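Enquirer: Structure below; questions to follow.
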Amino acid sequence: MTFGAAITDAEGLRLTSEEKRLFQQMNPFGFILFARNIDTAEQVRALCDDFRDAVGRNCPITIDQEGGRVQRLRAPLAREWMPPLDHAGRAGDQAERAMYLRYRLIAKELFELGIDSNCAPMVDLARDDTHAFLKNRCYGSDPNRVSTLGRAVAKGHLDGGVLPVLKHMPGHGLATLDSHHDLPHVDLTQDQLEQADFEPFRALNDLPMGMTAHLVYDRIDPQPATISSAMIGLIRDKIGFDGLIMTDDISMKALSGAPEDIARQSLAAGCDVVLHCNGTFDARAKVLEAAGEMTAQAQKRAERALSMRQKPVELDIQAAEAELSALMGGQVYER
């Protein structure tokens with residue numbers, strides 16, 4: 001079975017009959033959840049079942065559950081975490097273990113709801129002028145430290161049976177604009193990027209899936225990275241990432257044009273799968289049709305990514321929470 005080259009979402013708490021028919025016909029690779037799709041634990045599990053029943057397989061279902069501002073699951077379904085940058089800073093020299101435990105607990109929450117992927121780790125490097133929409137979601141500014149923490153985050157997910165999605169390749173920390181609303185530009189050479197921003201992604205280039213950044217790297221290509229064959233080539237050749245490359249949400253305002261056209265451009269540039277969120281039913285249908293089926297190489301990457309799903313390693317929740325509290329000086333969650 002060849003997967004559709006798209007990841008998409010649903011309008012509400014359960015699939016409509018119209019959505020079920022669309023997904024059965026187009027067979028998207030996977031799905032993503034938003035706050036509007038979440039009510040109770042039983043409802044989330046039922047919606048995940050709806051998705052998998054529609055495509056007739058154990059497709060991946062992902063979410064943005066970084067903790068801090070970006071977490072779709074909230075109390076009482078999930079713990080309320082402080083921003084990652086604050087968490088890593090508070091843990092200090094113990095940040096590697098603290099970040100592992102944080103995301104191991106997040107993975108457990110996700111897995112128990114039927115969600116088996118998460119859009120993390122985010123290893124963009126924080127700068128003094130990094131836009132506020134991104135900055136406190138970062139893990140730090142030093143490439144080596146960020147690489148170490150990113151590896152801990154990835155391991156926490158994998159040990160919990162959840163596939164991590166590495167983001168935002170090849171580096172979003174230089175953005176001084178919010179790509180949800182504007183198109184950021186970066187004025188660094190390739191050599192400068194390789195010495196800093198590329199490094200955490202290179203250190204984690206064995207992860208199963210990665211997400212692009214909607215940024216223009218002016219000295220390399222005038223096109224945003226998501227639709228730039230030059231930038232996707234650098235991700236493959238210089239970062240060495242051979243996992244499944246998915247776009248960031250193509251409905252974000254950083255990209256211009258009809259979503260179905262952006263889908264075609266992204267895949268032509270070398271992305272393996274298109275992420276399309278928050279569109280109307282008709283927009284989703286057009287994107288799924290435009291994306292079509294995965295290429296043979298994308299299909300291999302997708303199958304390899306799915307093969308990395310594993311049964312969760314046993315976790316003593318009370319012991320994990322107690323250890324994390326000790327590492328964090330007693331302040332673990334957002335107040």
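Each chain of the structure tokens is named A, B, ... in the order shown, its residues numbered from 1; ligands are numbered from 1 in display order.
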Which polymer residues have any atom within 10 Å of an atom of Leu77 in chain A, counting only C-alpha atoms, with same-chain residues fewer than 4 positions away left out, as a PyMOL selection string?
Expert: chain A and resi 38-41+73+109-110+113
Enquirer: For Phe3 in chain A, find every residue with an atom within 9 Å (counting only C-alpha atoms), except residues of its own chain fewer than 4 positions away, and show them as a PyMOL selection string.
Expert: chain A and resi 26-30+292-294+299+302
Enquirer: Taking only C-alpha atoms into account, name the residue in A:Ala175, A:Leu85, A:Ala95, A:Ile63 that is nearest to Cys138 in chain A.
Expert: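 Among the listed residues, A:Leu85 lies closest to Cys138 in chain A.
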Enquirer: Check range 28-248 of chain A with DSSP on the backbone and list each residue it calls strand (DSSP E or B), as a compact mmCIF listing (two decimals) with N, CA, C and O atoms, in the first residue's frame.
Expert:
# COMPACT_ATOMS: atom_id res chain seq x y z
N PRO A 28 -4.18 9.46 3.34
CA PRO A 28 -3.04 10.26 3.81
C PRO A 28 -2.12 9.46 4.72
O PRO A 28 -2.57 8.55 5.44
N PHE A 29 -0.84 9.82 4.70
CA PHE A 29 0.15 9.11 5.52
C PHE A 29 -0.23 9.12 6.98
O PHE A 29 -0.10 8.12 7.68
N GLY A 30 -0.70 10.27 7.48
CA GLY A 30 -1.05 10.36 8.89
C GLY A 30 -1.91 11.58 9.15
O GLY A 30 -2.37 12.27 8.23
N PHE A 31 -2.09 11.87 10.45
CA PHE A 31 -2.99 12.93 10.86
C PHE A 31 -2.37 13.70 12.02
O PHE A 31 -1.44 13.23 12.68
N ILE A 32 -2.91 14.91 12.25
CA ILE A 32 -2.44 15.75 13.35
C ILE A 32 -3.64 16.28 14.11
O ILE A 32 -4.69 16.56 13.52
N ILE A 61 -0.34 9.27 14.19
CA ILE A 61 -1.13 10.43 14.58
C ILE A 61 -0.24 11.30 15.45
O ILE A 61 0.27 10.85 16.48
N THR A 62 -0.02 12.52 15.00
CA THR A 62 0.91 13.41 15.68
C THR A 62 0.20 14.59 16.32
O THR A 62 -1.03 14.76 16.19
N GLN A 65 3.00 18.94 21.18
CA GLN A 65 2.94 18.88 22.64
C GLN A 65 4.34 19.13 23.18
O GLN A 65 4.99 18.25 23.75
N GLU A 66 4.84 20.36 22.96
CA GLU A 66 6.16 20.73 23.44
C GLU A 66 6.16 20.98 24.94
O GLU A 66 7.16 20.78 25.62
N GLY A 67 5.05 21.47 25.46
CA GLY A 67 4.99 22.02 26.80
C GLY A 67 5.23 23.51 26.74
O GLY A 67 5.89 24.01 25.84
N VAL A 70 3.09 25.92 23.62
CA VAL A 70 2.66 25.01 22.55
C VAL A 70 2.39 23.64 23.14
O VAL A 70 3.28 22.79 23.26
N GLN A 71 1.16 23.43 23.58
CA GLN A 71 0.71 22.10 24.00
C GLN A 71 -0.79 22.04 23.80
O GLN A 71 -1.55 22.79 24.38
N TRP A 81 3.26 22.15 31.51
CA TRP A 81 4.69 22.33 31.66
C TRP A 81 5.11 23.79 31.48
O TRP A 81 4.46 24.55 30.77
N SER A 117 3.01 10.07 17.82
CA SER A 117 4.04 10.94 17.27
C SER A 117 3.89 12.31 17.93
O SER A 117 2.80 12.69 18.35
N ASN A 118 5.01 13.04 18.01
CA ASN A 118 4.97 14.39 18.58
C ASN A 118 5.96 15.27 17.82
O ASN A 118 7.07 14.83 17.49
N MET A 122 12.61 20.29 19.20
CA MET A 122 12.82 21.50 18.45
C MET A 122 14.21 22.02 18.79
O MET A 122 14.43 22.52 19.89
N LEU A 163 6.92 8.52 18.10
CA LEU A 163 7.91 8.94 17.12
C LEU A 163 8.16 10.44 17.24
O LEU A 163 7.22 11.24 17.15
N PRO A 164 9.41 10.86 17.43
CA PRO A 164 9.72 12.29 17.46
C PRO A 164 9.83 12.87 16.05
O PRO A 164 10.22 12.17 15.11
N VAL A 165 9.46 14.14 15.92
CA VAL A 165 9.62 14.87 14.67
C VAL A 165 10.60 16.01 14.93
O VAL A 165 10.31 16.93 15.70
N LEU A 166 11.75 15.97 14.30
CA LEU A 166 12.81 16.95 14.48
C LEU A 166 12.45 18.24 13.74
O LEU A 166 12.13 18.22 12.56
N LYS A 167 12.51 19.37 14.44
CA LYS A 167 12.15 20.63 13.79
C LYS A 167 13.01 21.78 14.31
O LYS A 167 13.62 21.66 15.37
N HIS A 168 13.09 22.89 13.50
CA HIS A 168 12.57 23.13 12.16
C HIS A 168 13.79 23.19 11.24
O HIS A 168 14.56 24.15 11.32
N MET A 169 13.98 22.23 10.38
CA MET A 169 15.16 22.14 9.54
C MET A 169 15.13 23.18 8.42
O MET A 169 14.07 23.38 7.81
N HIS A 185 13.38 36.30 6.79
CA HIS A 185 14.55 36.19 5.93
C HIS A 185 15.80 36.08 6.80
O HIS A 185 15.89 36.71 7.86
N VAL A 186 16.76 35.29 6.35
CA VAL A 186 18.02 35.08 7.07
C VAL A 186 19.16 35.49 6.15
O VAL A 186 19.22 35.06 4.99
N MET A 209 11.78 11.30 11.54
CA MET A 209 11.05 12.32 10.79
C MET A 209 11.57 13.70 11.16
O MET A 209 12.02 13.93 12.28
N GLY A 210 11.49 14.61 10.20
CA GLY A 210 11.90 15.99 10.44
C GLY A 210 10.97 16.94 9.71
O GLY A 210 10.31 16.57 8.73
N MET A 211 10.91 18.17 10.21
CA MET A 211 10.01 19.20 9.68
C MET A 211 10.81 20.39 9.16
O MET A 211 11.79 20.79 9.78
N THR A 212 10.36 20.96 8.06
CA THR A 212 11.05 22.09 7.46
C THR A 212 10.72 23.40 8.17
O THR A 212 9.78 23.49 8.96
N VAL A 216 13.37 32.14 4.39
CA VAL A 216 14.20 32.35 3.21
C VAL A 216 15.63 32.58 3.68
O VAL A 216 15.89 33.44 4.52
N TYR A 217 16.55 31.80 3.14
CA TYR A 217 17.98 31.96 3.40
C TYR A 217 18.55 32.69 2.19
O TYR A 217 18.94 32.07 1.19
N PRO A 224 11.46 30.22 -0.01
CA PRO A 224 11.43 29.65 1.34
C PRO A 224 11.93 28.21 1.34
O PRO A 224 11.74 27.47 0.37
N LEU A 244 12.21 10.90 6.97
CA LEU A 244 11.06 11.43 6.25
C LEU A 244 10.97 12.94 6.51
O LEU A 244 10.86 13.37 7.66
N ILE A 245 11.03 13.73 5.45
CA ILE A 245 10.92 15.18 5.59
C ILE A 245 9.48 15.60 5.34
O ILE A 245 8.93 15.38 4.26
N MET A 246 8.87 16.19 6.36
CA MET A 246 7.54 16.76 6.23
C MET A 246 7.64 18.28 6.28
O MET A 246 8.56 18.83 6.91
Enquirer: Can you measure CA of Gly56 in chain A to CA of Thr280 in chain A for me? One decimal in Å is fine.
Expert: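 Interatomic distance here is 23.6 Å.
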Enquirer: Using backbone DSSP assignments, extract all helix (DSSP H, G or I) residues from range 148-220 of chain A; output them as an MDAnalysis selection string.
Expert: chainID A and resid 148:159 190:195 198:203
Enquirer: Keeping only N, CA, C and O atoms, take the residues you just selected and write them out as a CSV table (one decimal), in the first residue's frame.
Expert:
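Now in result_32.csv:
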chain,number,residue,atom,x,y,z
A,148,THR,N,22.7,17.8,22.7
A,148,THR,CA,22.5,16.9,23.8
A,148,THR,C,21.1,16.8,24.3
A,148,THR,O,20.5,15.7,24.6
A,149,LEU,N,20.5,18.0,24.5
A,149,LEU,CA,19.1,18.0,25.0
A,149,LEU,C,18.1,17.5,24.0
A,149,LEU,O,17.2,16.8,24.3
A,150,GLY,N,18.4,17.8,22.7
A,150,GLY,CA,17.5,17.3,21.7
A,150,GLY,C,17.6,15.7,21.6
A,150,GLY,O,16.5,15.1,21.4
A,151,ARG,N,18.7,15.2,21.8
A,151,ARG,CA,18.8,13.7,21.9
A,151,ARG,C,18.1,13.1,23.0
A,151,ARG,O,17.4,12.1,22.9
A,152,ALA,N,18.1,13.8,24.2
A,152,ALA,CA,17.4,13.3,25.4
A,152,ALA,C,15.9,13.4,25.1
A,152,ALA,O,15.1,12.5,25.5
A,153,VAL,N,15.4,14.5,24.5
A,153,VAL,CA,14.0,14.6,24.2
A,153,VAL,C,13.6,13.5,23.2
A,153,VAL,O,12.5,12.9,23.4
A,154,ALA,N,14.4,13.2,22.2
A,154,ALA,CA,14.0,12.2,21.2
A,154,ALA,C,14.0,10.8,21.9
A,154,ALA,O,13.1,10.0,21.7
A,155,LYS,N,14.9,10.5,22.8
A,155,LYS,CA,14.9,9.2,23.5
A,155,LYS,C,13.7,9.1,24.4
A,155,LYS,O,13.1,8.0,24.5
A,156,GLY,N,13.4,10.2,25.1
A,156,GLY,CA,12.2,10.2,25.9
A,156,GLY,C,10.9,9.8,25.1
A,156,GLY,O,10.1,9.0,25.6
A,157,HIS,N,10.8,10.3,23.9
A,157,HIS,CA,9.7,9.9,23.0
A,157,HIS,C,9.8,8.5,22.6
A,157,HIS,O,8.8,7.7,22.7
A,158,LEU,N,10.9,8.1,22.1
A,158,LEU,CA,11.0,6.7,21.6
A,158,LEU,C,10.8,5.7,22.6
A,158,LEU,O,10.2,4.6,22.4
A,159,ASP,N,11.4,5.9,23.8
A,159,ASP,CA,11.2,5.0,25.0
A,159,ASP,C,9.7,4.9,25.3
A,159,ASP,O,9.3,3.9,26.0
A,190,GLN,N,26.1,30.0,3.8
A,190,GLN,CA,26.0,28.5,4.1
A,190,GLN,C,27.1,28.1,5.1
A,190,GLN,O,26.8,27.3,6.0
A,191,ASP,N,28.3,28.6,5.0
A,191,ASP,CA,29.3,28.3,5.9
A,191,ASP,C,29.0,28.7,7.3
A,191,ASP,O,29.2,28.0,8.3
A,192,GLN,N,28.4,29.9,7.5
A,192,GLN,CA,28.0,30.4,8.8
A,192,GLN,C,26.9,29.5,9.4
A,192,GLN,O,26.9,29.2,10.6
A,193,LEU,N,25.9,29.1,8.5
A,193,LEU,CA,24.9,28.2,9.0
A,193,LEU,C,25.4,26.8,9.4
A,193,LEU,O,25.0,26.3,10.4
A,194,GLU,N,26.4,26.3,8.6
A,194,GLU,CA,26.9,25.0,9.0
A,194,GLU,C,27.7,25.0,10.3
A,194,GLU,O,27.7,24.0,11.0
A,195,GLN,N,28.2,26.1,10.6
A,195,GLN,CA,29.0,26.2,11.9
A,195,GLN,C,28.1,26.3,13.1
A,195,GLN,O,28.6,26.1,14.2
A,198,PHE,N,23.1,24.4,11.7
A,198,PHE,CA,22.9,23.1,11.1
A,198,PHE,C,23.4,22.0,12.1
A,198,PHE,O,23.0,20.9,12.0
A,199,GLU,N,24.2,22.4,13.1
A,199,GLU,CA,24.9,21.4,13.9
A,199,GLU,C,23.9,20.5,14.7
A,199,GLU,O,24.1,19.3,14.7
A,200,PRO,N,23.0,21.1,15.4
A,200,PRO,CA,22.1,20.2,16.2
A,200,PRO,C,21.3,19.2,15.3
A,200,PRO,O,21.0,18.1,15.7
A,201,PHE,N,20.9,19.7,14.1
A,201,PHE,CA,20.2,18.8,13.2
A,201,PHE,C,21.1,17.7,12.7
A,201,PHE,O,20.7,16.6,12.5
A,202,ARG,N,22.4,18.1,12.4
A,202,ARG,CA,23.4,17.1,12.0
A,202,ARG,C,23.6,16.0,13.1
A,202,ARG,O,23.7,14.8,12.8
A,203,ALA,N,23.6,16.4,14.3
A,203,ALA,CA,23.8,15.5,15.4
A,203,ALA,C,22.6,14.6,15.6
A,203,ALA,O,22.7,13.5,16.2
Enquirer: Give me the residues within 8 Å of Gly161 in chain A as a list of chain:residue names, counting only C-alpha atoms and dropping any in the same chain fewer than 3 places off.
Expert: A:Ala107, A:Lys108, A:Phe111, A:Asp116, A:His157, A:Leu158, A:Arg309, A:Gln310, A:Lys311, A:Pro312, A:Val313
Enquirer: Using only C-alpha atoms, which residue out of A:Glu314, A:Asp64, A:Asp129, A:Asp261 lies closest to Ala290 in chain A?
Expert: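 Under the stated criterion, the closest residue is A:Asp261.
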Enquirer: Would you list the contacts of range 8-15 of chain A as a PyMOL selection string, taking every protein, DNA or RNA residue within 10 Å and counting only C-alpha atoms, but skipping same-chain residues closer than 3 positions in sequence?
Expert: chain A and resi 18-21+23+28-40+43-44+46-51+54+61-62+249+274-281+284-285+287-288
Enquirer: Can you pull out every residue within 12 Å of Glu96 in chain A, counting only C-alpha atoms, but drop anything in the same chain fewer than 2 positions away, and send it as an mmCIF file with N, CA and C atoms, in the first residue's frame?
Expert:
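Final output, result27.cif:
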data_model
loop_
_atom_site.group_PDB
_atom_site.id
_atom_site.type_symbol
_atom_site.label_atom_id
_atom_site.label_comp_id
_atom_site.auth_asym_id
_atom_site.auth_seq_id
_atom_site.Cartn_x
_atom_site.Cartn_y
_atom_site.Cartn_z
ATOM 1 N N PRO A 84 10.078 25.066 27.402
ATOM 2 C CA PRO A 84 11.305 24.263 27.361
ATOM 3 C C PRO A 84 12.571 25.032 27.740
ATOM 4 N N HIS A 87 12.643 25.366 31.403
ATOM 5 C CA HIS A 87 12.854 24.047 32.005
ATOM 6 C C HIS A 87 14.334 23.667 31.953
ATOM 7 N N ALA A 88 14.932 23.813 30.769
ATOM 8 C CA ALA A 88 16.345 23.462 30.617
ATOM 9 C C ALA A 88 17.231 24.383 31.453
ATOM 10 N N GLY A 89 16.885 25.661 31.491
ATOM 11 C CA GLY A 89 17.677 26.595 32.279
ATOM 12 C C GLY A 89 17.596 26.313 33.764
ATOM 13 N N ARG A 90 16.406 26.004 34.243
ATOM 14 C CA ARG A 90 16.242 25.727 35.673
ATOM 15 C C ARG A 90 16.981 24.460 36.083
ATOM 16 N N ALA A 91 17.021 23.465 35.183
ATOM 17 C CA ALA A 91 17.687 22.199 35.493
ATOM 18 C C ALA A 91 19.206 22.322 35.449
ATOM 19 N N GLY A 92 19.722 23.330 34.740
ATOM 20 C CA GLY A 92 21.158 23.570 34.715
ATOM 21 C C GLY A 92 21.954 22.384 34.211
ATOM 22 N N ASP A 93 22.920 21.938 34.999
ATOM 23 C CA ASP A 93 23.776 20.821 34.601
ATOM 24 C C ASP A 93 23.017 19.501 34.529
ATOM 25 N N GLN A 94 21.821 19.452 35.105
ATOM 26 C CA GLN A 94 21.006 18.234 35.087
ATOM 27 C C GLN A 94 19.954 18.270 33.973
ATOM 28 N N ALA A 98 16.669 15.884 33.001
ATOM 29 C CA ALA A 98 15.385 16.537 33.244
ATOM 30 C C ALA A 98 14.546 16.609 31.970
ATOM 31 N N MET A 99 15.183 16.877 30.859
ATOM 32 C CA MET A 99 14.446 16.933 29.597
ATOM 33 C C MET A 99 13.996 15.538 29.167
ATOM 34 N N TYR A 100 14.843 14.544 29.409
ATOM 35 C CA TYR A 100 14.421 13.172 29.106
ATOM 36 C C TYR A 100 13.157 12.821 29.889
ATOM 37 N N LEU A 101 13.165 13.072 31.176
ATOM 38 C CA LEU A 101 12.017 12.713 32.010
ATOM 39 C C LEU A 101 10.773 13.493 31.613
ATOM 40 N N ARG A 102 10.937 14.762 31.333
ATOM 41 C CA ARG A 102 9.803 15.597 30.899
ATOM 42 C C ARG A 102 9.116 14.961 29.686
ATOM 43 N N TYR A 103 9.912 14.633 28.677
ATOM 44 C CA TYR A 103 9.315 14.124 27.446
ATOM 45 C C TYR A 103 8.970 12.646 27.520
ATOM 46 N N TYR A 139 15.818 25.196 23.345
ATOM 47 C CA TYR A 139 16.486 24.551 24.480
ATOM 48 C C TYR A 139 17.736 25.307 24.916
ATOM 49 N N ASN A 144 26.167 22.496 20.944
ATOM 50 C CA ASN A 144 26.461 21.225 21.594
ATOM 51 C C ASN A 144 25.437 20.889 22.677
ATOM 52 N N ARG A 145 25.097 21.896 23.485
ATOM 53 C CA ARG A 145 24.101 21.667 24.535
ATOM 54 C C ARG A 145 22.733 21.353 23.925
ATOM 55 N N VAL A 146 22.360 22.105 22.903
ATOM 56 C CA VAL A 146 21.070 21.864 22.258
ATOM 57 C C VAL A 146 21.029 20.469 21.632
ATOM 58 N N SER A 147 22.134 20.044 21.042
ATOM 59 C CA SER A 147 22.199 18.690 20.473
ATOM 60 C C SER A 147 21.993 17.638 21.550
ATOM 61 N N THR A 148 22.653 17.814 22.684
ATOM 62 C CA THR A 148 22.528 16.857 23.791
ATOM 63 C C THR A 148 21.105 16.810 24.315
ATOM 64 N N LEU A 149 20.506 17.970 24.509
ATOM 65 C CA LEU A 149 19.138 18.013 25.027
ATOM 66 C C LEU A 149 18.149 17.479 23.993
ATOM 67 N N GLY A 150 18.399 17.786 22.718
ATOM 68 C CA GLY A 150 17.535 17.255 21.673
ATOM 69 C C GLY A 150 17.560 15.741 21.628
ATOM 70 N N ARG A 151 18.738 15.160 21.829
ATOM 71 C CA ARG A 151 18.840 13.696 21.865
ATOM 72 C C ARG A 151 18.061 13.129 23.049
ATOM 73 N N ALA A 152 18.138 13.789 24.204
ATOM 74 C CA ALA A 152 17.395 13.330 25.385
ATOM 75 C C ALA A 152 15.897 13.392 25.131
ATOM 76 N N VAL A 153 15.444 14.465 24.486
ATOM 77 C CA VAL A 153 14.023 14.605 24.162
ATOM 78 C C VAL A 153 13.577 13.494 23.213
ATOM 79 N N ALA A 154 14.379 13.236 22.189
ATOM 80 C CA ALA A 154 14.042 12.183 21.230
ATOM 81 C C ALA A 154 13.974 10.821 21.914
ATOM 82 N N LYS A 155 14.935 10.534 22.778
ATOM 83 C CA LYS A 155 14.940 9.248 23.476
ATOM 84 C C LYS A 155 13.732 9.111 24.398
ATOM 85 N N GLY A 156 13.353 10.202 25.058
ATOM 86 C CA GLY A 156 12.162 10.160 25.899
ATOM 87 C C GLY A 156 10.922 9.776 25.113
ATOM 88 N N LEU A 324 12.367 13.965 38.752
ATOM 89 C CA LEU A 324 12.321 15.222 38.023
ATOM 90 C C LEU A 324 12.160 16.405 38.971
ATOM 91 N N LEU A 327 15.480 17.184 40.490
ATOM 92 C CA LEU A 327 16.370 17.835 39.530
ATOM 93 C C LEU A 327 16.002 19.302 39.308
ATOM 94 N N MET A 328 14.709 19.603 39.456
ATOM 95 C CA MET A 328 14.202 20.940 39.151
ATOM 96 C C MET A 328 14.006 21.804 40.388
#
Enquirer: Hey, can you check how far CA of Asp206 in chain A sits from CA of Gly270 in chain A?
Expert: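 Value for the CA of Asp206 in chain A-CA of Gly270 in chain A distance: 18.0 Å.
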Enquirer: Choose the residue, out of A:Leu125, A:Val162, A:Leu22, A:Leu207, that has the smallest atom-to-atom separation from Pro143 in chain A; count only C-alpha atoms.
Expert: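 Comparing A:Leu125, A:Val162, A:Leu22, A:Leu207 against Pro143 in chain A, the winner is A:Leu125.
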Enquirer: Of the residues A:Glu112, A:Asp248, A:Asp124, A:Asp242, which is the one nearest to Ala225 in chain A, using only C-alpha atoms?
Expert: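 Checking each of A:Glu112, A:Asp248, A:Asp124, A:Asp242 against Ala225 in chain A, counting only C-alpha atoms, the winner is A:Asp248.
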Enquirer: Please determine, counting only C-alpha atoms, which residue among A:Ala268, A:Ala291, A:Ile239, A:Leu183 has the shortest atom-to-atom distance to Lys253 in chain A.
Expert: A:Leu183
Enquirer: So that I can see what lies close to Leu215 in chain A, please list as a ChimeraX atom specification the residues with an atom at most 12 Å from it, counting only C-alpha atoms and leaving out residues fewer than 3 positions away in the same chain.
Expert: /A:168-187,212,218,220-228,231,247-248,252-255
Enquirer: Please write the residues from the selection above to a file, keeping C-alpha atoms, as a PDB file, in the first residue's frame.
Expert:
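This went into out_4.pdb:
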ATOM      1  CA  HIS A 168      12.571  23.131  12.157  1.00  0.00           C
ATOM      2  CA  MET A 169      15.163  22.143   9.539  1.00  0.00           C
ATOM      3  CA  PRO A 170      17.601  23.647   8.705  1.00  0.00           C
ATOM      4  CA  GLY A 171      17.186  26.132  11.594  1.00  0.00           C
ATOM      5  CA  HIS A 172      14.499  28.618  12.621  1.00  0.00           C
ATOM      6  CA  GLY A 173      16.264  30.427  15.468  1.00  0.00           C
ATOM      7  CA  LEU A 174      17.454  33.266  13.242  1.00  0.00           C
ATOM      8  CA  ALA A 175      13.869  34.295  12.500  1.00  0.00           C
ATOM      9  CA  THR A 176      12.894  37.734  13.757  1.00  0.00           C
ATOM     10  CA  LEU A 177       9.358  37.371  12.375  1.00  0.00           C
ATOM     11  CA  ASP A 178       6.609  34.866  13.197  1.00  0.00           C
ATOM     12  CA  SER A 179       6.258  32.552  10.193  1.00  0.00           C
ATOM     13  CA  HIS A 180       2.617  31.939  11.098  1.00  0.00           C
ATOM     14  CA  HIS A 181       2.015  35.480   9.857  1.00  0.00           C
ATOM     15  CA  ASP A 182       5.088  36.670   7.905  1.00  0.00           C
ATOM     16  CA  LEU A 183       7.986  35.303   5.877  1.00  0.00           C
ATOM     17  CA  PRO A 184      11.291  35.638   7.784  1.00  0.00           C
ATOM     18  CA  HIS A 185      14.554  36.188   5.930  1.00  0.00           C
ATOM     19  CA  VAL A 186      18.019  35.077   7.070  1.00  0.00           C
ATOM     20  CA  ASP A 187      21.178  36.821   5.868  1.00  0.00           C
ATOM     21  CA  THR A 212      11.052  22.093   7.462  1.00  0.00           C
ATOM     22  CA  ASP A 218      18.765  34.873   1.110  1.00  0.00           C
ATOM     23  CA  ILE A 220      21.430  30.514  -0.808  1.00  0.00           C
ATOM     24  CA  ASP A 221      18.002  30.699  -2.482  1.00  0.00           C
ATOM     25  CA  PRO A 222      15.254  33.333  -2.772  1.00  0.00           C
ATOM     26  CA  GLN A 223      12.573  30.687  -2.163  1.00  0.00           C
ATOM     27  CA  PRO A 224      11.427  29.655   1.340  1.00  0.00           C
ATOM     28  CA  ALA A 225      13.233  26.496   2.475  1.00  0.00           C
ATOM     29  CA  THR A 226      10.074  24.376   2.342  1.00  0.00           C
ATOM     30  CA  ILE A 227       9.744  24.913  -1.410  1.00  0.00           C
ATOM     31  CA  SER A 228      13.465  25.266  -2.182  1.00  0.00           C
ATOM     32  CA  MET A 231      17.630  24.037   0.876  1.00  0.00           C
ATOM     33  CA  THR A 247       6.734  20.393   5.651  1.00  0.00           C
ATOM     34  CA  ASP A 248       5.706  22.726   8.404  1.00  0.00           C
ATOM     35  CA  MET A 252       0.950  29.355   7.458  1.00  0.00           C
ATOM     36  CA  LYS A 253       1.107  32.895   6.068  1.00  0.00           C
ATOM     37  CA  ALA A 254       4.867  32.713   5.440  1.00  0.00           C
ATOM     38  CA  LEU A 255       4.010  30.854   2.252  1.00  0.00           C
TER      39      LEU A 255
END
Enquirer: CA of Leu204 in chain A and CA of Arg97 in chain A, how far apart in Å?
Expert: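 We find that CA of Arg97 in chain A and CA of Leu204 in chain A lie 17.3 Å from each other.
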